[in-house]
>>> print(open('start.cif').read())   # mmCIF, C-alpha atoms
data_target
#
loop_
_atom_site.label_atom_id
_atom_site.label_comp_id
_atom_site.auth_asym_id
_atom_site.auth_seq_id
_atom_site.Cartn_x
_atom_site.Cartn_y
_atom_site.Cartn_z
CA CYS A 947 11.83 -20.22 -32.90
CA ASN A 948 8.27 -19.11 -32.28
CA LEU A 949 8.24 -15.32 -32.25
CA MET A 950 5.17 -14.33 -30.28
CA ARG A 951 3.83 -10.92 -31.21
CA THR A 952 3.95 -8.82 -28.10
CA GLN A 953 0.52 -7.82 -26.91
CA ARG A 954 0.32 -4.16 -26.00
CA VAL A 955 -1.52 -3.59 -22.74
CA LEU A 956 -3.20 -0.54 -21.19
CA VAL A 957 -4.16 -0.68 -17.51
CA PHE A 958 -6.75 1.63 -15.92
CA VAL A 959 -6.99 1.70 -12.13
CA ASP A 960 -9.91 2.88 -10.02
CA GLU A 961 -7.69 3.80 -7.04
CA SER A 962 -10.37 4.10 -4.35
CA ASN A 963 -11.88 0.75 -5.35
CA VAL A 964 -8.61 -1.18 -5.31
CA VAL A 965 -7.36 0.50 -2.12
CA SER A 966 -10.53 -0.32 -0.21
CA SER A 967 -10.50 -3.95 -1.42
CA VAL A 968 -6.88 -4.48 -0.33
CA ARG A 969 -7.62 -2.80 3.04
CA THR A 970 -10.54 -5.16 3.57
CA LEU A 971 -7.95 -7.94 3.53
CA GLY A 972 -5.83 -6.01 6.05
CA ARG A 973 -2.98 -5.45 3.62
CA GLY A 974 -1.01 -2.51 2.29
CA LEU A 975 -0.99 -2.00 -1.48
CA ASP A 976 2.28 -2.65 -3.29
CA TRP A 977 1.80 -0.65 -6.50
CA ILE A 978 4.97 -1.91 -8.19
CA LYS A 979 4.03 -5.56 -7.58
CA LEU A 980 0.51 -4.86 -8.82
CA ARG A 981 1.88 -3.31 -12.02
CA ASP A 982 4.29 -6.20 -12.62
CA HIS A 983 1.54 -8.73 -11.95
CA LEU A 984 -0.83 -7.11 -14.45
CA ALA A 985 1.80 -6.31 -17.07
CA ASN A 986 2.57 -10.02 -17.13
CA ALA A 987 5.64 -9.62 -19.34
CA ASP A 988 6.37 -13.35 -19.26
CA ARG A 989 3.21 -13.86 -21.33
CA GLY A 990 4.73 -11.78 -24.12
CA ARG A 991 3.03 -8.58 -23.10
CA GLU A 992 4.21 -5.00 -23.17
CA LEU A 993 2.72 -2.49 -20.75
CA ILE A 994 2.12 0.78 -22.56
CA GLU A 995 0.72 2.68 -19.62
CA MET A 996 -0.83 2.17 -16.20
CA VAL A 997 -3.22 5.02 -15.52
CA ILE A 998 -4.40 5.59 -11.95
CA TYR A 999 -7.56 7.58 -11.23
CA ALA A 1000 -7.58 9.12 -7.78
CA GLY A 1001 -9.82 11.52 -5.91
CA LEU A 1002 -8.28 14.37 -3.94
CA PRO A 1003 -9.57 15.60 -0.59
CA PRO A 1004 -11.28 19.01 -1.00
CA ALA A 1005 -9.07 22.13 -1.13
CA LEU A 1006 -10.38 23.30 2.24
CA PRO A 1007 -8.47 24.01 5.46
CA GLU A 1008 -10.01 21.06 7.33
CA TRP A 1009 -8.86 18.66 4.60
CA GLN A 1010 -5.39 20.14 4.08
CA SER A 1011 -3.30 17.56 5.96
CA GLU A 1012 -5.11 14.69 4.24
CA ARG A 1013 -4.74 16.46 0.90
CA ASP A 1014 -1.00 16.92 1.46
CA LYS A 1015 -0.65 13.24 2.33
CA LYS A 1016 -2.55 12.21 -0.80
CA ASN A 1017 -0.51 14.56 -3.01
CA LYS A 1018 2.71 13.11 -1.59
CA PHE A 1019 1.48 9.61 -2.47
CA LEU A 1020 0.46 10.70 -5.98
CA HIS A 1021 3.88 12.28 -6.45
CA TRP A 1022 5.43 8.94 -5.50
CA LEU A 1023 3.25 7.17 -8.09
CA ARG A 1024 4.22 9.67 -10.81
CA SER A 1025 7.90 9.38 -9.99
CA HIS A 1026 7.62 5.59 -10.41
CA GLY A 1027 6.25 5.86 -13.93
CA PHE A 1028 2.52 5.68 -13.29
CA LEU A 1029 0.23 8.08 -15.14
CA VAL A 1030 -1.97 9.76 -12.52
CA VAL A 1031 -5.29 11.48 -13.18
CA THR A 1032 -6.90 13.29 -10.26
CA LYS A 1033 -10.39 14.46 -9.53
CA GLU A 1034 -11.00 17.34 -7.10
CA GLY A 1035 -13.10 16.22 -4.17
CA SER A 1036 -16.06 18.01 -2.66
CA PRO A 1037 -17.09 17.77 0.99
CA GLY A 1038 -19.49 14.94 1.75
CA ASP A 1039 -21.03 14.23 5.10
CA GLY A 1040 -18.83 14.49 8.20
CA ARG A 1041 -15.42 12.87 7.77
CA HIS A 1042 -16.03 11.86 4.16
CA TYR A 1043 -15.55 13.58 0.83
CA LYS A 1044 -16.79 12.76 -2.67
CA ALA A 1045 -14.33 12.48 -5.54
CA ASN A 1046 -15.60 9.92 -7.99
CA ALA A 1047 -13.29 9.61 -10.98
CA ASP A 1048 -15.33 6.90 -12.76
CA VAL A 1049 -16.47 9.13 -15.62
CA LEU A 1050 -12.91 10.35 -16.24
CA MET A 1051 -11.66 6.78 -16.29
CA ALA A 1052 -14.37 5.62 -18.70
CA ILE A 1053 -13.86 8.48 -21.16
CA ASP A 1054 -10.07 8.13 -21.08
CA ALA A 1055 -10.22 4.37 -21.51
CA VAL A 1056 -12.25 4.73 -24.70
CA GLU A 1057 -10.21 7.65 -26.08
CA LEU A 1058 -6.80 6.17 -25.32
CA SER A 1059 -7.84 2.77 -26.62
CA VAL A 1060 -8.99 4.25 -29.90
CA GLU A 1061 -5.74 6.23 -30.25
CA ILE A 1062 -3.25 3.67 -28.96
CA ARG A 1063 -5.03 0.51 -30.13
CA PRO A 1064 -3.86 -1.87 -27.39
CA ALA A 1065 -4.55 -5.60 -27.71
CA VAL A 1066 -5.62 -5.77 -24.08
CA VAL A 1067 -7.17 -3.34 -21.60
CA VAL A 1068 -7.09 -4.26 -17.92
CA LEU A 1069 -9.67 -2.54 -15.72
CA VAL A 1070 -8.58 -2.66 -12.09
CA THR A 1071 -11.92 -2.25 -10.34
CA GLY A 1072 -14.84 -4.30 -9.15
CA ASP A 1073 -17.31 -1.50 -9.83
CA ALA A 1074 -20.19 -2.81 -11.94
CA ASP A 1075 -20.64 0.69 -13.41
CA PHE A 1076 -17.71 -0.14 -15.69
CA ALA A 1077 -19.57 -3.01 -17.40
CA HIS A 1078 -20.68 -0.76 -20.27
CA LEU A 1079 -17.11 0.45 -20.76
CA ALA A 1080 -15.89 -3.16 -20.99
CA LEU A 1081 -18.48 -3.90 -23.68
CA GLN A 1082 -17.60 -0.73 -25.61
CA LEU A 1083 -13.92 -1.73 -25.68
CA ARG A 1084 -14.73 -5.31 -26.73
CA ARG A 1085 -16.86 -3.98 -29.59
CA ARG A 1086 -13.68 -2.30 -30.82
CA GLY A 1087 -11.85 -5.63 -30.88
CA ILE A 1088 -9.97 -5.09 -27.63
CA ARG A 1089 -9.62 -7.89 -25.08
CA VAL A 1090 -10.88 -6.70 -21.67
CA GLU A 1091 -9.61 -8.18 -18.43
CA VAL A 1092 -11.00 -7.11 -15.09
CA ALA A 1093 -8.75 -7.33 -12.04
CA ALA A 1094 -10.55 -7.28 -8.71
CA THR A 1095 -11.22 -9.33 -5.61
CA ALA A 1096 -14.15 -11.74 -5.84
CA GLN A 1097 -15.92 -9.95 -2.96
CA THR A 1098 -15.90 -6.57 -4.74
CA LEU A 1099 -16.61 -7.75 -8.28
CA GLY A 1100 -20.01 -6.68 -9.62
CA THR A 1101 -21.88 -9.36 -11.58
CA ALA A 1102 -22.48 -7.10 -14.59
CA LEU A 1103 -18.76 -6.30 -14.86
CA LYS A 1104 -17.81 -9.96 -14.50
CA GLY A 1105 -20.13 -10.83 -17.37
CA ALA A 1106 -18.84 -8.01 -19.56
CA ALA A 1107 -15.14 -8.96 -19.38
CA ASN A 1108 -13.23 -11.52 -21.45
CA GLU A 1109 -11.41 -12.63 -18.31
CA VAL A 1110 -11.41 -11.94 -14.60
CA ILE A 1111 -8.13 -11.76 -12.70
CA ASP A 1112 -8.67 -12.49 -9.00
CA LEU A 1113 -6.36 -10.20 -7.05
CA VAL A 1114 -6.71 -12.02 -3.72
CA PRO A 1115 -3.69 -14.35 -4.22
CA LEU A 1116 -1.54 -11.32 -5.09
CA PHE A 1117 -2.92 -9.22 -2.21
CA ASP A 1118 -2.15 -12.08 0.17
CA THR A 1119 1.56 -11.57 -0.60
CA PHE A 1120 1.39 -7.91 0.46
CA GLU A 1121 2.42 -6.65 3.87
CA VAL A 1122 -0.12 -6.95 6.68
CA ILE A 1123 -1.09 -3.54 8.06
CA LYS A 1124 -2.05 -2.84 11.63
CA SER A 1125 -5.54 -1.42 11.68
CA SER A 1126 -5.48 2.27 12.61
CA GLU A 1127 -9.25 2.46 13.06
#
>>> encode(input="start.cif", output="C-alpha cells")
Amino acid sequence: CNLMRTQRVLVFVDESNVVSSVRTLGRGLDWIKLRDHLANADRGRELIEMVIYAGLPPALPEWQSERDKKNKFLHWLRSHGFLVVTKEGSPGDGRHYKANADVLMAIDAVELSVEIRPAVVVLVTGDADFAHLALQLRRRGIRVEVAATAQTLGTALKGAANEVIDLVPLFDTFEVIKSSE
C-alpha cells in the first residue's frame, strides 16, 4: 500500500477579516466546519493547531456588553480546541473600535513555523498586508495556502501564496443570518 506521509498543517485566522467576509454573504460562520474544511484530513493532512487572532472591544464601560459577548464567543472557541490570541482594542470613532491583530499574527506565524516546522501554513485572510508573511514562510520551505473569498483577496497576497482556497462554496453551506442592521 502507498503510505502517504501526513502533512502537518498550521492554520492562522484573521478573525475580523473572515467574519466580515462571511457576513457580506449574509451567512453565519461555522467555525468547526471551517476547521474541518481547512484541515482536509482526507488529503493525508494533520492539523497541528488552528490559531485565531481576535480583537477585543475596549475595557471601557460603554463597550462592556460587547466585550462580554466577545469573551463568551472566545471562550466557546477555546473550549472547542482552537488556540485564541486576543488584542486589546482602543476606542475608534463613534461606534467603532480599533484592535488590529495583524502584527501578532505575522510574528506568531513565523515563530511557530520555525519551531513546529509544518509542511503547510494556511492563512485565513484576504488582507494583502500578509503577502510578505507568505513569502517569508515560503522562503523557509513551507507551502502557503491562503483561504479567503475572491472579493476580499488582495492581489499581492494572491500572488504570494502557493495556492488560494476560495471560501465562497464553503460559506454558501453555512446558515443564512437575518440582517440585524
>>> atom_distance(input="start.cif", atom1="CA of Glu1109 in chain A", atom2="CA of Glu1091 in chain A")
4.8 Å
>>> resolve_selection(input="start.cif", expression="the PyMOL selection byres ((chain A and resi 998) around 10)", output="list of chain:residue names")
A:Val957, A:Phe958, A:Val959, A:Asp960, A:Glu961, A:Ser962, A:Glu995, A:Met996, A:Val997, A:Tyr999, A:Ala1000, A:Leu1020, A:Leu1023, A:Arg1024, A:Phe1028, A:Leu1029, A:Val1030, A:Val1031, A:Thr1032, A:Ala1047, A:Met1051, A:Val1070
>>> closest_residue(input="start.cif", among="A:Phe1076, A:Val1068, A:Arg1089, A:Lys979", to="Val1049 in chain A", atoms="all atoms listed in the file")
A:Phe1076
>>> atom_distance(input="start.cif", atom1="CA of Asp982 in chain A", atom2="CA of Asp1014 in chain A")
27.6 Å
>>> closest_residue(input="start.cif", among="A:Lys1104, A:Arg1063, A:Lys1033, A:Arg989", to="Ala1080 in chain A", atoms="all atoms listed in the file")
A:Lys1104
>>> closest_residue(input="start.cif", among="A:Gly1027, A:Gly1038, A:Pro1003, A:Pro1064", to="Leu956 in chain A", atoms="only C-alpha atoms")
A:Pro1064
>>> atom_distance(input="start.cif", atom1="CA of Glu992 in chain A", atom2="CA of Thr1098 in chain A")
27.3 Å
>>> closest_residue(input="start.cif", among="A:Gly1001, A:Phe1120, A:Arg951, A:Leu984", to="Ala1094 in chain A", atoms="all atoms listed in the file")
A:Leu984
>>> residues_near_point(input="start.cif", point="(0.8, -10.7, -7.9)", cutoff="12 Å", atoms="all atoms listed in the file", output="ChimeraX atom specification")
/A:975-986,1093-1094,1111-1120
>>> axis_aligned_box(input="start.cif", around="range 1001-1012 of chain A", padding_each_side="6 Å", output="JSON")
{"center_x": -7.3, "center_y": 17.8, "center_z": 0.7, "size_x": 20.0, "size_y": 24.5, "size_z": 25.2}
>>> resolve_selection(input="start.cif", expression="the PyMOL selection byres ((chain A and resi 1102) around 12)", output="list in words")
Gly1072, Asp1073, Ala1074, Asp1075, Phe1076, Ala1077, His1078, Leu1079, Ala1080, Leu1081, Val1092, Thr1098, Leu1099, Gly1100, Thr1101, Leu1103, Lys1104, Gly1105, Ala1106 and Ala1107 of chain A
>>> resolve_selection(input="start.cif", expression="the PyMOL selection byres ((chain A and resi 1121) around 6)", output="list of chain:residue names")
A:Arg973, A:Gly974, A:Phe1120, A:Val1122
>>> residues_near_point(input="start.cif", point="(-5.2, 6.6, 2.1)", cutoff="9 Å", atoms="only C-alpha atoms", output="number ranges by chain")
A: 962, 965, 1012, 1015-1016, 1019
>>> closest_residue(input="start.cif", among="A:Ser1025, A:Thr1071, A:Asn963, A:Asn1017", to="Leu1002 in chain A", atoms="only C-alpha atoms")
A:Asn1017
>>> residues_around(input="start.cif", residues="Pro1037 in chain A", least_positions_apart="3", cutoff="9 Å", atoms="all atoms listed in the file", output="NGL selection string")
:A and (1003-1004 or 1006 or 1040-1045)
>>> closest_residue(input="start.cif", among="A:Ala1005, A:Val955, A:Ile994, A:Leu1083", to="Glu1057 in chain A", atoms="all atoms listed in the file")
A:Leu1083
